[in-house]
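Pasting target.txt here (compact mmCIF, C-alpha atoms):
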```
# COMPACT_ATOMS: atom_id res chain seq x y z
CA MET A 1 -10.63 -30.04 -16.24
CA ASP A 2 -14.32 -29.14 -16.32
CA ASP A 3 -14.77 -25.67 -17.63
CA LEU A 4 -17.43 -23.15 -16.71
CA SER A 5 -20.64 -22.92 -18.70
CA PRO A 6 -21.21 -19.92 -20.99
CA GLY A 7 -23.80 -18.65 -18.52
CA ALA A 8 -21.36 -18.70 -15.64
CA ARG A 9 -18.70 -17.08 -17.79
CA SER A 10 -21.10 -14.33 -18.78
CA LEU A 11 -21.94 -13.69 -15.15
CA LEU A 12 -18.25 -13.35 -14.29
CA GLN A 13 -17.77 -10.96 -17.17
CA ALA A 14 -20.81 -8.90 -16.21
CA ALA A 15 -19.57 -8.67 -12.63
CA ASP A 16 -16.00 -8.00 -13.68
CA THR A 17 -15.78 -4.40 -12.52
CA PHE A 18 -18.33 -4.59 -9.71
CA ASP A 19 -15.76 -4.67 -6.94
CA ASP A 20 -13.28 -2.30 -8.52
CA PRO A 21 -11.97 0.33 -6.12
CA SER A 22 -12.47 3.97 -6.93
CA PRO A 23 -9.53 6.38 -7.30
CA GLU A 24 -10.58 7.75 -3.91
CA ASP A 25 -10.26 4.26 -2.42
CA ALA A 26 -6.76 3.94 -3.87
CA ALA A 27 -5.72 7.36 -2.57
CA ARG A 28 -7.22 6.82 0.88
CA VAL A 29 -5.54 3.46 1.43
CA ARG A 30 -2.31 4.78 -0.02
CA ARG A 31 -2.29 7.61 2.50
CA ALA A 32 -2.92 5.19 5.35
CA VAL A 33 -0.20 2.81 4.18
CA LEU A 34 2.21 5.69 3.72
CA THR A 35 1.56 6.82 7.26
CA ARG A 36 2.22 3.36 8.65
CA VAL A 37 5.18 2.70 6.40
CA GLY A 38 6.73 5.91 7.63
CA ALA A 39 6.77 4.42 11.08
CA ILE A 40 8.69 1.36 9.95
CA GLY A 41 10.70 2.86 7.14
CA LEU A 42 14.04 2.93 8.88
CA THR A 43 13.76 -0.72 9.77
CA ALA A 44 13.18 -1.58 6.15
CA ALA A 45 16.09 0.58 5.11
CA VAL A 46 18.42 -1.07 7.57
CA VAL A 47 17.28 -4.54 6.58
CA THR A 48 17.74 -3.70 2.94
CA ALA A 49 21.18 -2.36 3.62
CA GLY A 50 22.11 -5.67 5.16
CA SER A 51 21.15 -7.69 2.12
CA THR A 52 23.56 -8.87 -0.50
CA GLN A 53 24.36 -6.30 -3.12
CA ALA A 54 22.49 -8.00 -5.93
CA LYS A 55 19.47 -8.71 -3.79
CA ALA A 56 19.58 -5.22 -2.39
CA ALA A 57 19.53 -3.77 -5.88
CA SER A 58 16.43 -5.76 -6.70
CA VAL A 59 14.72 -4.94 -3.45
CA MET A 60 15.79 -1.35 -3.73
CA SER A 61 14.13 -1.10 -7.09
CA ILE A 62 10.89 -2.56 -5.78
CA ALA A 63 11.05 -0.52 -2.61
CA ALA A 64 11.58 2.61 -4.61
CA LYS A 65 8.64 1.79 -6.83
CA LEU A 66 6.43 1.01 -3.88
CA THR A 67 7.52 4.06 -1.97
CA ALA A 68 7.22 6.25 -4.99
CA ALA A 69 3.79 4.90 -5.76
CA LEU A 70 2.73 5.44 -2.19
CA ALA A 71 4.26 8.86 -1.95
CA VAL A 72 2.71 10.26 -5.07
CA THR A 73 -0.89 10.19 -4.11
CA ALA A 74 -4.04 11.15 -5.78
CA GLY A 75 -5.08 14.46 -4.34
CA GLY A 76 -1.99 14.81 -2.23
CA VAL A 77 -1.12 13.34 1.08
CA ALA A 78 -3.27 14.60 3.88
CA ALA A 79 -1.02 13.13 6.52
CA THR A 80 1.50 15.90 6.44
CA TYR A 81 2.74 16.64 9.88
CA ASN A 82 4.28 19.96 10.60
CA TYR A 83 7.07 19.99 13.07
CA VAL A 84 8.48 23.21 14.35
CA ASN A 85 12.15 22.65 14.62
CA ALA A 86 13.48 24.67 17.51
CA ASN A 87 16.84 25.24 15.90
CA HIS A 88 15.63 26.20 12.50
CA SER A 89 12.39 27.93 13.42
CA HIS A 90 10.65 26.73 10.31
CA GLU A 91 8.13 24.08 9.52
CA VAL A 92 9.45 20.74 8.44
CA ALA A 93 7.16 18.41 6.61
CA ILE A 94 7.22 14.84 7.80
CA MET A 95 6.43 12.29 5.13
CA ALA A 96 5.30 15.04 2.91
CA PRO A 97 5.23 14.20 -0.76
CA ALA A 98 4.16 17.01 -3.00
CA PRO A 99 0.48 17.34 -3.80
CA SER A 100 -0.10 15.75 -7.13
CA LYS A 101 -2.82 15.28 -9.64
CA ALA A 102 -5.07 12.28 -9.29
CA LYS A 103 -4.05 9.20 -11.13
CA PRO A 104 -6.68 6.81 -12.45
CA ALA A 105 -6.64 3.28 -11.09
CA ALA A 106 -4.45 0.93 -13.04
CA PRO A 107 -6.16 -1.40 -15.50
CA LYS A 108 -6.86 -4.93 -14.39
CA LEU A 109 -3.94 -7.28 -14.71
CA THR A 110 -4.97 -9.97 -17.13
CA ALA A 111 -1.69 -11.62 -18.00
CA PRO A 112 0.09 -12.89 -14.93
CA ALA A 113 3.77 -13.44 -15.28
CA PRO A 114 4.90 -17.06 -15.37
CA ILE A 115 6.03 -18.57 -12.15
CA VAL A 116 9.60 -19.82 -12.09
CA ALA A 117 10.09 -21.26 -8.67
CA PRO A 118 8.54 -20.95 -5.25
CA ALA A 119 9.32 -17.76 -3.37
CA ALA A 120 10.27 -17.60 0.25
CA PRO A 121 7.10 -18.42 2.18
CA VAL A 122 5.68 -15.93 4.61
CA ALA A 123 4.70 -17.55 7.88
CA ALA A 124 1.02 -17.04 8.58
CA ASP A 125 1.67 -16.33 12.23
CA ASP A 126 3.97 -13.49 11.29
CA ILE A 127 1.13 -11.52 9.82
CA LYS A 128 -1.33 -10.23 12.33
CA LEU A 129 -4.27 -8.09 11.62
CA GLN A 130 -5.85 -5.22 13.47
CA GLU A 131 -5.61 -6.67 16.95
CA ASP A 132 -1.86 -6.26 17.13
CA ALA A 133 -0.89 -3.95 14.34
CA PRO A 134 -1.54 -0.24 14.57
CA VAL A 135 -4.00 0.17 11.77
CA VAL A 136 -4.36 3.69 10.59
CA LYS A 137 -8.01 4.50 10.24
CA SER A 138 -8.63 6.20 6.99
CA PRO A 139 -11.94 8.02 6.95
CA ARG A 140 -13.82 7.72 3.72
CA VAL A 141 -13.78 11.35 2.85
CA LEU A 142 -13.44 12.47 -0.69
CA PRO A 143 -10.39 14.63 -1.16
CA ARG A 144 -11.23 18.29 -1.46
CA PRO A 145 -11.12 19.71 -4.96
CA PRO A 146 -7.75 21.21 -5.74
CA ARG A 147 -7.40 24.94 -5.40
CA ALA A 148 -6.73 26.98 -8.48
CA GLU A 149 -3.02 27.22 -7.81
CA GLU A 150 -2.83 23.46 -7.31
CA LYS A 151 -4.53 22.78 -10.60
CA THR A 152 -1.69 24.46 -12.38
CA GLU A 153 0.85 22.22 -10.72
CA LYS A 154 1.79 19.65 -13.32
CA ALA A 155 4.93 18.05 -12.00
CA VAL A 156 4.56 14.67 -10.36
CA VAL A 157 7.68 13.74 -8.47
CA GLU A 158 8.34 10.05 -8.61
CA PRO A 159 11.43 8.97 -6.70
CA THR A 160 13.54 6.47 -8.57
CA ALA A 161 15.61 3.61 -7.20
CA ALA A 162 18.65 5.89 -7.50
CA ASP A 163 16.85 8.59 -5.49
CA LEU A 164 16.06 6.16 -2.72
CA GLU A 165 19.59 4.83 -2.75
CA ALA A 166 20.95 8.37 -2.45
CA GLU A 167 18.52 9.09 0.36
CA MET A 168 19.48 5.97 2.21
CA LYS A 169 23.16 6.81 1.94
CA LEU A 170 22.59 10.14 3.69
CA ILE A 171 20.21 8.72 6.28
CA ARG A 172 22.54 5.82 7.08
CA GLY A 173 25.43 8.26 7.30
CA ALA A 174 23.50 10.44 9.73
CA ASP A 175 22.50 7.39 11.74
CA ALA A 176 26.13 6.22 11.92
CA ALA A 177 27.26 9.69 12.97
CA LEU A 178 24.64 9.78 15.70
CA ARG A 179 25.65 6.37 17.00
CA ALA A 180 29.25 7.58 17.07
CA GLY A 181 28.22 10.60 19.12
CA ARG A 182 28.78 13.10 16.29
CA ALA A 183 25.42 14.84 16.46
CA ASN A 184 26.58 17.92 14.54
CA ASP A 185 27.79 15.77 11.64
CA ALA A 186 24.45 13.96 11.70
CA LEU A 187 22.56 17.26 11.54
CA ALA A 188 24.67 18.36 8.58
CA LEU A 189 23.86 15.17 6.69
CA LEU A 190 20.19 15.48 7.55
CA ALA A 191 20.16 19.07 6.32
CA GLN A 192 21.80 17.88 3.11
CA HIS A 193 19.13 15.20 2.79
CA GLN A 194 16.38 17.77 3.22
CA ALA A 195 17.95 20.11 0.68
CA GLU A 196 18.62 17.44 -1.94
CA HIS A 197 15.40 15.48 -1.47
CA PRO A 198 12.51 17.90 -1.02
CA HIS A 199 10.08 15.07 -1.75
CA ALA A 200 11.97 12.50 0.26
CA SER A 201 10.72 9.00 0.86
CA LEU A 202 12.67 8.90 4.11
CA ALA A 203 11.55 12.24 5.50
CA HIS A 204 10.07 10.52 8.52
CA GLU A 205 13.38 8.86 9.34
CA ARG A 206 15.19 12.15 8.79
CA GLU A 207 13.01 13.96 11.30
CA GLY A 208 13.31 11.18 13.84
CA LEU A 209 17.10 11.23 13.60
CA ARG A 210 17.12 15.02 13.70
CA ALA A 211 15.12 14.97 16.91
CA ILE A 212 17.62 12.52 18.44
CA ALA A 213 20.54 14.70 17.36
CA ASN A 214 18.98 17.82 18.80
CA CYS A 215 18.33 16.06 22.08
CA GLN A 216 21.94 14.85 22.17
CA LEU A 217 23.06 18.44 21.72
CA GLY A 218 20.61 19.71 24.31
CA ALA A 219 19.04 22.09 21.83
CA ALA A 220 16.20 24.28 23.03
CA GLY A 221 12.81 22.77 22.26
CA ALA A 222 14.31 19.45 21.26
CA THR A 223 12.34 17.47 23.82
CA ALA A 224 9.06 19.04 22.76
CA THR A 225 9.78 18.21 19.12
CA ALA A 226 10.69 14.65 20.08
CA ALA A 227 7.50 14.31 22.12
CA ARG A 228 5.48 15.48 19.14
CA PHE A 229 7.24 12.93 16.92
CA LEU A 230 6.46 10.16 19.39
CA GLU A 231 2.88 11.27 19.66
CA LEU A 232 2.45 10.95 15.91
CA SER A 233 4.58 7.83 15.50
CA PRO A 234 4.55 5.89 18.76
CA HIS A 235 5.49 2.68 16.95
CA SER A 236 8.41 4.12 15.04
CA PRO A 237 11.54 1.97 15.30
CA LEU A 238 13.28 5.17 16.30
CA ALA A 239 11.00 5.60 19.30
CA PRO A 240 13.19 3.78 21.88
CA ARG A 241 16.29 5.72 20.85
CA LEU A 242 14.36 8.94 20.83
CA ARG A 243 12.95 8.35 24.30
CA SER A 244 16.39 7.50 25.57
CA ALA A 245 18.13 10.49 23.97
CA CYS A 246 15.43 12.93 25.01
CA ARG A 247 14.70 11.32 28.37
CA ILE A 248 11.05 10.86 27.62
CA SER A 249 9.32 8.11 29.54
CA GLU A 250 6.83 5.78 27.86
CA MET B 1 3.76 -1.63 -8.10
CA TYR B 2 1.05 -0.30 -5.78
CA ALA B 3 -0.91 1.13 -8.70
CA GLU B 4 -0.65 -2.17 -10.57
CA THR B 5 -1.62 -4.49 -7.77
CA PHE B 6 -3.94 -2.37 -5.62
CA PRO B 7 -7.09 -2.84 -7.75
CA SER B 8 -6.74 -6.63 -7.89
CA VAL B 9 -5.87 -6.88 -4.19
CA TRP B 10 -8.91 -4.77 -3.29
CA ARG B 11 -11.26 -6.70 -5.62
CA THR B 12 -10.04 -10.05 -4.42
CA ALA B 13 -10.36 -9.11 -0.76
CA ARG B 14 -14.00 -8.19 -1.36
CA ARG B 15 -14.65 -11.37 -3.29
CA LEU B 16 -13.09 -13.47 -0.56
CA GLY B 17 -15.69 -12.17 1.84
CA VAL B 18 -14.05 -9.14 3.42
CA VAL B 19 -16.90 -6.83 4.39
CA GLU B 20 -16.94 -3.34 2.98
CA SER B 21 -16.24 -1.75 6.33
CA ALA B 22 -13.08 -3.83 6.76
CA VAL B 23 -11.63 -3.83 3.27
CA ASP B 24 -9.60 -0.66 3.86
CA ASP B 25 -7.87 -2.20 6.86
CA VAL B 26 -7.25 -5.53 5.14
CA VAL B 27 -5.76 -3.99 2.01
CA GLN B 28 -3.76 -1.56 4.11
CA GLU B 29 -2.35 -4.49 6.08
CA VAL B 30 -1.38 -6.27 2.86
CA PHE B 31 0.68 -3.36 1.56
CA VAL B 32 2.29 -2.60 4.89
CA THR B 33 3.31 -6.26 5.07
CA VAL B 34 4.61 -6.08 1.50
CA TYR B 35 6.76 -3.13 2.50
CA ARG B 36 8.01 -4.83 5.64
CA ARG B 37 8.92 -8.01 3.79
CA LEU B 38 10.34 -6.68 0.57
CA ASP B 39 13.73 -7.91 1.65
CA GLN B 40 12.34 -11.46 1.68
CA PHE B 41 11.10 -11.31 -1.90
CA GLU B 42 13.63 -13.28 -3.85
CA GLY B 43 12.19 -12.74 -7.29
CA ARG B 44 11.61 -16.43 -7.82
CA CYS B 45 7.95 -15.89 -8.61
CA ALA B 46 5.94 -13.03 -10.02
CA LEU B 47 5.57 -10.10 -7.66
CA LYS B 48 1.77 -10.29 -7.99
CA THR B 49 1.86 -13.92 -6.85
CA TRP B 50 3.95 -12.98 -3.84
CA VAL B 51 1.61 -10.10 -2.97
CA PHE B 52 -1.40 -12.39 -3.32
CA GLY B 53 0.26 -14.87 -0.96
CA ILE B 54 0.34 -12.10 1.62
CA LEU B 55 -3.24 -11.16 0.79
CA MET B 56 -4.43 -14.73 1.36
CA ARG B 57 -2.81 -14.85 4.79
CA VAL B 58 -4.17 -11.46 5.80
CA VAL B 59 -7.66 -12.51 4.69
CA ASN B 60 -7.35 -15.78 6.62
CA ASN B 61 -6.36 -13.85 9.74
CA TYR B 62 -9.28 -11.50 9.17
CA ARG B 63 -11.63 -14.48 9.03
CA ARG B 64 -10.18 -16.01 12.18
CA THR B 65 -10.55 -12.70 13.96
CA ARG B 66 -14.17 -12.41 12.87
CA ARG B 67 -14.91 -15.94 14.01
CA ARG B 68 -13.28 -15.31 17.37
CA LYS B 69 -15.39 -12.22 17.78
CA GLY B 70 -18.48 -14.26 16.99
CA ALA B 71 -19.19 -12.68 13.65
CA GLY B 72 -19.59 -16.14 12.16
CA HIS B 73 -18.95 -16.92 8.54
CA ALA B 74 -17.39 -13.99 6.82
CA THR B 75 -19.76 -12.61 4.28
CA SER B 76 -19.23 -9.80 1.88
CA SER B 77 -22.37 -8.00 3.07
CA VAL B 78 -23.55 -7.70 -0.48
CA VAL B 79 -27.19 -8.62 -0.37
CA GLY B 80 -28.54 -10.48 -3.32
CA ASP B 81 -31.53 -9.07 -5.08
CA PRO B 82 -34.21 -11.77 -4.98
CA ASP B 83 -35.84 -10.40 -8.09
CA VAL B 84 -32.79 -10.89 -10.20
CA VAL B 85 -32.71 -14.05 -12.26
CA VAL B 86 -29.68 -15.65 -13.75
CA ASP B 87 -30.50 -18.53 -16.01
CA ALA B 88 -27.43 -20.69 -16.37
CA GLY B 89 -28.59 -21.64 -19.83
CA ALA B 90 -29.05 -18.12 -21.04
CA ASP B 91 -26.83 -15.12 -21.24
CA PRO B 92 -27.01 -13.41 -17.85
CA LEU B 93 -25.75 -10.25 -19.46
CA GLU B 94 -29.23 -9.80 -20.88
CA LEU B 95 -30.79 -10.29 -17.48
CA ALA B 96 -28.57 -8.63 -15.02
CA SER B 97 -26.88 -5.31 -14.93
CA ARG B 98 -23.32 -5.01 -13.79
CA SER B 99 -24.24 -4.31 -10.20
CA GLU B 100 -26.84 -7.05 -10.13
CA ALA B 101 -24.31 -9.46 -11.59
CA GLY B 102 -21.86 -8.37 -8.92
CA ARG B 103 -24.33 -9.06 -6.14
CA ILE B 104 -25.17 -12.47 -7.60
CA LEU B 105 -21.48 -13.30 -7.87
CA HIS B 106 -20.99 -12.49 -4.19
CA GLU B 107 -24.00 -14.56 -3.25
CA LEU B 108 -22.67 -17.57 -5.17
CA LEU B 109 -19.14 -17.21 -3.84
CA GLU B 110 -20.49 -17.21 -0.29
CA LYS B 111 -21.93 -20.65 -0.95
CA LEU B 112 -18.46 -22.06 -1.60
CA ASP B 113 -16.25 -23.00 1.28
CA GLU B 114 -13.37 -20.59 1.85
CA SER B 115 -10.60 -22.66 0.27
CA LYS B 116 -12.63 -23.37 -2.87
CA ALA B 117 -13.80 -19.78 -3.13
CA ALA B 118 -10.21 -18.61 -2.95
CA VAL B 119 -9.06 -20.91 -5.74
CA PHE B 120 -12.09 -20.02 -7.85
CA VAL B 121 -11.58 -16.27 -7.49
CA LEU B 122 -7.86 -16.43 -8.21
CA ALA B 123 -8.30 -18.71 -11.24
CA GLU B 124 -11.54 -17.62 -12.83
CA ILE B 125 -11.58 -13.94 -12.00
CA GLU B 126 -7.97 -12.90 -11.50
CA GLY B 127 -6.70 -15.22 -14.23
CA MET B 128 -3.90 -16.74 -12.19
CA SER B 129 -2.40 -20.06 -13.25
CA VAL B 130 -2.67 -23.14 -11.04
CA PRO B 131 1.04 -23.06 -10.09
CA GLU B 132 0.67 -19.40 -9.13
CA ILE B 133 -2.39 -20.17 -7.03
CA ALA B 134 -0.53 -23.03 -5.37
CA GLU B 135 2.23 -20.60 -4.49
CA ALA B 136 -0.11 -17.89 -3.24
CA THR B 137 -2.20 -20.27 -1.14
CA ASP B 138 0.73 -22.37 0.05
CA THR B 139 -0.93 -25.48 -1.32
CA ASN B 140 0.31 -28.14 -3.67
CA VAL B 141 -0.67 -28.02 -7.33
CA ASN B 142 -2.79 -31.18 -7.25
CA THR B 143 -4.85 -29.82 -4.38
CA VAL B 144 -5.44 -26.60 -6.31
CA TYR B 145 -6.59 -28.55 -9.38
CA SER B 146 -8.91 -30.60 -7.20
CA ARG B 147 -10.36 -27.55 -5.43
CA LEU B 148 -10.80 -25.67 -8.68
CA ARG B 149 -12.67 -28.57 -10.27
CA ALA B 150 -14.94 -28.87 -7.23
CA ALA B 151 -15.42 -25.11 -6.99
CA ARG B 152 -16.51 -24.88 -10.62
CA LYS B 153 -19.08 -27.63 -10.10
CA GLU B 154 -20.44 -26.06 -6.94
CA PHE B 155 -20.59 -22.65 -8.55
CA GLU B 156 -22.53 -24.03 -11.53
CA ARG B 157 -24.84 -25.92 -9.20
CA ALA B 158 -25.53 -22.84 -7.12
CA LEU B 159 -26.20 -20.83 -10.26
CA LYS B 160 -28.69 -23.39 -11.52
CA GLN B 161 -30.41 -23.67 -8.15
CA ARG B 162 -30.81 -19.94 -8.11
CA ALA B 163 -32.47 -20.03 -11.52
CA LEU B 164 -34.73 -22.93 -10.44
CA ARG B 165 -35.81 -21.07 -7.32
CA ARG B 166 -36.74 -18.15 -9.45
CA GLU B 167 -38.71 -20.33 -11.86
CA ALA B 168 -40.56 -21.99 -8.99
CA ARG B 169 -41.40 -18.63 -7.46
CA ASP B 170 -42.73 -17.29 -10.74
CA GLY B 171 -44.64 -20.48 -11.45
```

Translate the structure of the given file into structure tokens.
Amino acid sequence: MDDLSPGARSLLQAADTFDDPSPEDAARVRRAVLTRVGAIGLTAAVVTAGSTQAKAASVMSIAAKLTAALAVTAGGVAATYNYVNANHSHEVAIMAPAPSKAKPAAPKLTAPAPIVAPAAPVAADDIKLQEDAPVVKSPRVLPRPPRAEEKTEKAVVEPTAADLEAEMKLIRGADAALRAGRANDALALLAQHQAEHPHASLAHEREGLRAIANCQLGAAGATATAARFLELSPHSPLAPRLRSACRISE
Amino acid sequence: MYAETFPSVWRTARRLGVVESAVDDVVQEVFVTVYRRLDQFEGRCALKTWVFGILMRVVNNYRRTRRRKGAGHATSSVVGDPDVVVDAGADPLELASRSEAGRILHELLEKLDESKAAVFVLAEIEGMSVPEIAEATDTNVNTVYSRLRAARKEFERALKQRALRREARDG
């Protein structure tokens, strides 16, 4: 096949990094994706749970990597939503990974892995942009410089596949308990999830299920908490159940 | 995975004509779709290839949306500097800085039709193999070879024309 001239090659090399995103770009998009993924997370978890064991293990690993990568953001996640839980009277962070130090953008991938066989195609019509999907606008604002106390924070929590698996076990258990009408059991599992996974990937799902459980129990303030959840995540897959349990109209 | 693929997804979106003001939304859509469809990834091709397949479809939808809204041909909104010369016979590195080279690259890519530009970017810039490109663009291998050959010729031609225009202007 005809190859490019040295001049054209030089131009490509000279322009190689021209379109590279900045670390701020990576962090900003990551925050926006994390916010949207939080709204669909339970669906993904349920779908994954329905896969074959081997496939689930593979997907779980990738999902954990993706979620972990999304959760550990440069400069911390701004989209931390504070819910006041009526029963517990304390603030609960929704989708709230710990603030972490900025990571530089990954180096360019130059050695693509060999292709073995075609993957399952994704139908073009299944992917819609902007008009249909709730795109989270992510203002181009540089993250504020970390405060002194944040600068000393070294630990970067990166959930592993095992972490996500453990999280999913508790979340699925709580979901099953809720569906069986055992709201107190569900709340116990959700409390366990919160205690064992302070930097949970499925915090959003936990808070959605907790709101449903509190509504089922008729807890004081449960409807207000549910309304706040729906306001922040109107497209959450939990939204219909939440509206039903808390008697909130659309 | 995000850290590994984000830079190339972002770069490629820009080089496929996604305007700066829309690149956040396009890249965001790619990774949300990746998350939604992870259960469909069967591991029969490289993850990057699968992600790029999603990117290509999101970019195509972006273009259709722009055309429907009357925005016309999607351009990257990178304006070429008319004073910059790239002589195809010389080393452009001596003539153009990185940013100038970047603007020229965008200008030349915009002269290619969308399918050829896509193949060119994936092959010549992202270093993907023809079978990988065929997978990502949902096209057969022979078509990719054909488009790549044509894209290279058109790119070279556009580069030379640019140099000739400059020579004519300078007398």

Next on the checklist: Could you check the closest approach to chain A for each of B:Val19, B:Lys160, B:Gly102, B:Val59 and tell me which residue wins, using only C-alpha atoms?
Outcome noted: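 Looking only at the distances to chain A, the closest residue turns out to be B:Gly102.
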
Item to check | B:Lys153, B:Glu110, B:Arg67, B:Leu164 ranked by distance to chain A, top pick (using all atoms listed in the file) | outcome: B:Lys153

The centre and edge lengths of an axis-aligned box containing all atoms of stretch 181-195 of chain A present in the file, extended by 8 Å on each side, are to be given in Å to one decimal, as AutoDock Vina command-line options.
```
--center_x 22.6 --center_y 15.4 --center_z 9.9 --size_x 28.4 --size_y 25.5 --size_z 34.4
```

Next on the checklist: Just checking: using all atoms listed in the file, which residue out of A:Ala224, A:Ala245, A:Ala32, A:Ala27 ends up closest to chain B?
Outcome noted: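 Distance minimum relative to chain B lands on A:Ala32.
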
Item to check | Which of A:Met168, A:Asp20, A:Ala219, A:Gln13 sits closest to B:Thr12 [using all atoms listed in the file] | outcome: A:Asp20

Item to check | Computed interatomic separation between atom CA of B:Ala136 and atom CA of B:Val23 (Å) | outcome: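 Computing it gives 19.3 Å between the two atoms.
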
Next on the checklist: One number please: atom CA of A:Ala188 to atom CA of A:Ser249, in Å, one decimal.
Outcome noted: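 If I compute the distance from atom CA of A:Ala188 to atom CA of A:Ser249, I get 27.9 Å.
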
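Residue nearest B:Val130, chosen from B:Thr49, B:Leu109, B:Glu156, B:Met56 and counting only C-alpha atoms: B:Thr49.
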
Next on the checklist: So that I can check the surroundings of A:Ala174, please list as an MDAnalysis selection string every protein, DNA and RNA residue that reaches within 8 Å of it, counting only C-alpha atoms and ignoring chain neighbours fewer than 4 positions away.
Outcome noted: chainID A and resid 170 178 185:187 189:190 209

Checklist entry - So which one's closest to A:Gln192, A:Pro240, A:Pro234, A:Gly173, A:Gly7? Using only C-alpha atoms, please. => result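 Among the listed residues, A:Gly173 lies closest to A:Gln192.
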
Item to check | Contacts of B:Val144 within 7 Å, only C-alpha atoms, excl. fewer than 5 positions in-chain, as a list in words | outcome: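 Returned residues: Val119, Val130, Ala134 and Thr139 of chain B.
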
Preceding selection exported with C-alpha atoms as a CSV table (one decimal), in the coordinates of the input:
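Contents of result_0.csv, freshly written:
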```
chain,number,residue,atom,x,y,z
B,119,VAL,CA,-9.1,-20.9,-5.7
B,130,VAL,CA,-2.7,-23.1,-11.0
B,134,ALA,CA,-0.5,-23.0,-5.4
B,139,THR,CA,-0.9,-25.5,-1.3
```

Checklist entry - Which neighbours of B:Gly17 fall inside 12 Å, counting only C-alpha atoms, when residues of the same chain fewer than 4 positions from it are skipped, and could you give them as a ChimeraX atom specification? => result /A:19 /B:10-13,21-23,26,56,59-60,62-63,66,72-78,105-115,117-118,121

Completion step: stretch 177-192 of chain A with N, CA and C atoms as an mmCIF file, in the coordinates of the input:
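Result file is part.cif:
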```cif
data_model
loop_
_atom_site.group_PDB
_atom_site.id
_atom_site.type_symbol
_atom_site.label_atom_id
_atom_site.label_comp_id
_atom_site.auth_asym_id
_atom_site.auth_seq_id
_atom_site.Cartn_x
_atom_site.Cartn_y
_atom_site.Cartn_z
ATOM 1 N N ALA A 177 26.649 8.562 12.251
ATOM 2 C CA ALA A 177 27.260 9.690 12.970
ATOM 3 C C ALA A 177 26.632 9.832 14.355
ATOM 4 N N LEU A 178 25.332 9.681 14.410
ATOM 5 C CA LEU A 178 24.640 9.780 15.700
ATOM 6 C C LEU A 178 25.123 8.698 16.667
ATOM 7 N N ARG A 179 25.227 7.492 16.146
ATOM 8 C CA ARG A 179 25.650 6.370 17.000
ATOM 9 C C ARG A 179 27.091 6.564 17.479
ATOM 10 N N ALA A 180 27.859 7.311 16.673
ATOM 11 C CA ALA A 180 29.250 7.580 17.070
ATOM 12 C C ALA A 180 29.347 8.828 17.939
ATOM 13 N N GLY A 181 28.219 9.423 18.253
ATOM 14 C CA GLY A 181 28.220 10.600 19.120
ATOM 15 C C GLY A 181 28.545 11.890 18.395
ATOM 16 N N ARG A 182 28.481 11.882 17.064
ATOM 17 C CA ARG A 182 28.780 13.100 16.290
ATOM 18 C C ARG A 182 27.461 13.723 15.819
ATOM 19 N N ALA A 183 26.749 14.305 16.761
ATOM 20 C CA ALA A 183 25.420 14.840 16.460
ATOM 21 C C ALA A 183 25.467 15.961 15.437
ATOM 22 N N ASN A 184 26.498 16.806 15.501
ATOM 23 C CA ASN A 184 26.580 17.920 14.540
ATOM 24 C C ASN A 184 26.775 17.399 13.114
ATOM 25 N N ASP A 185 27.609 16.360 12.972
ATOM 26 C CA ASP A 185 27.790 15.770 11.640
ATOM 27 C C ASP A 185 26.471 15.194 11.144
ATOM 28 N N ALA A 186 25.751 14.546 12.067
ATOM 29 C CA ALA A 186 24.450 13.960 11.700
ATOM 30 C C ALA A 186 23.502 15.052 11.212
ATOM 31 N N LEU A 187 23.463 16.159 11.940
ATOM 32 C CA LEU A 187 22.560 17.260 11.540
ATOM 33 C C LEU A 187 22.946 17.806 10.167
ATOM 34 N N ALA A 188 24.234 17.860 9.886
ATOM 35 C CA ALA A 188 24.670 18.360 8.580
ATOM 36 C C ALA A 188 24.193 17.440 7.463
ATOM 37 N N LEU A 189 24.319 16.138 7.702
ATOM 38 C CA LEU A 189 23.860 15.170 6.690
ATOM 39 C C LEU A 189 22.339 15.221 6.523
ATOM 40 N N LEU A 190 21.654 15.412 7.618
ATOM 41 C CA LEU A 190 20.190 15.480 7.550
ATOM 42 C C LEU A 190 19.745 16.753 6.826
ATOM 43 N N ALA A 191 20.472 17.832 7.043
ATOM 44 C CA ALA A 191 20.160 19.070 6.320
ATOM 45 C C ALA A 191 20.411 18.887 4.827
ATOM 46 N N GLN A 192 21.502 18.175 4.522
ATOM 47 C CA GLN A 192 21.800 17.880 3.110
ATOM 48 C C GLN A 192 20.683 17.035 2.491
#
```
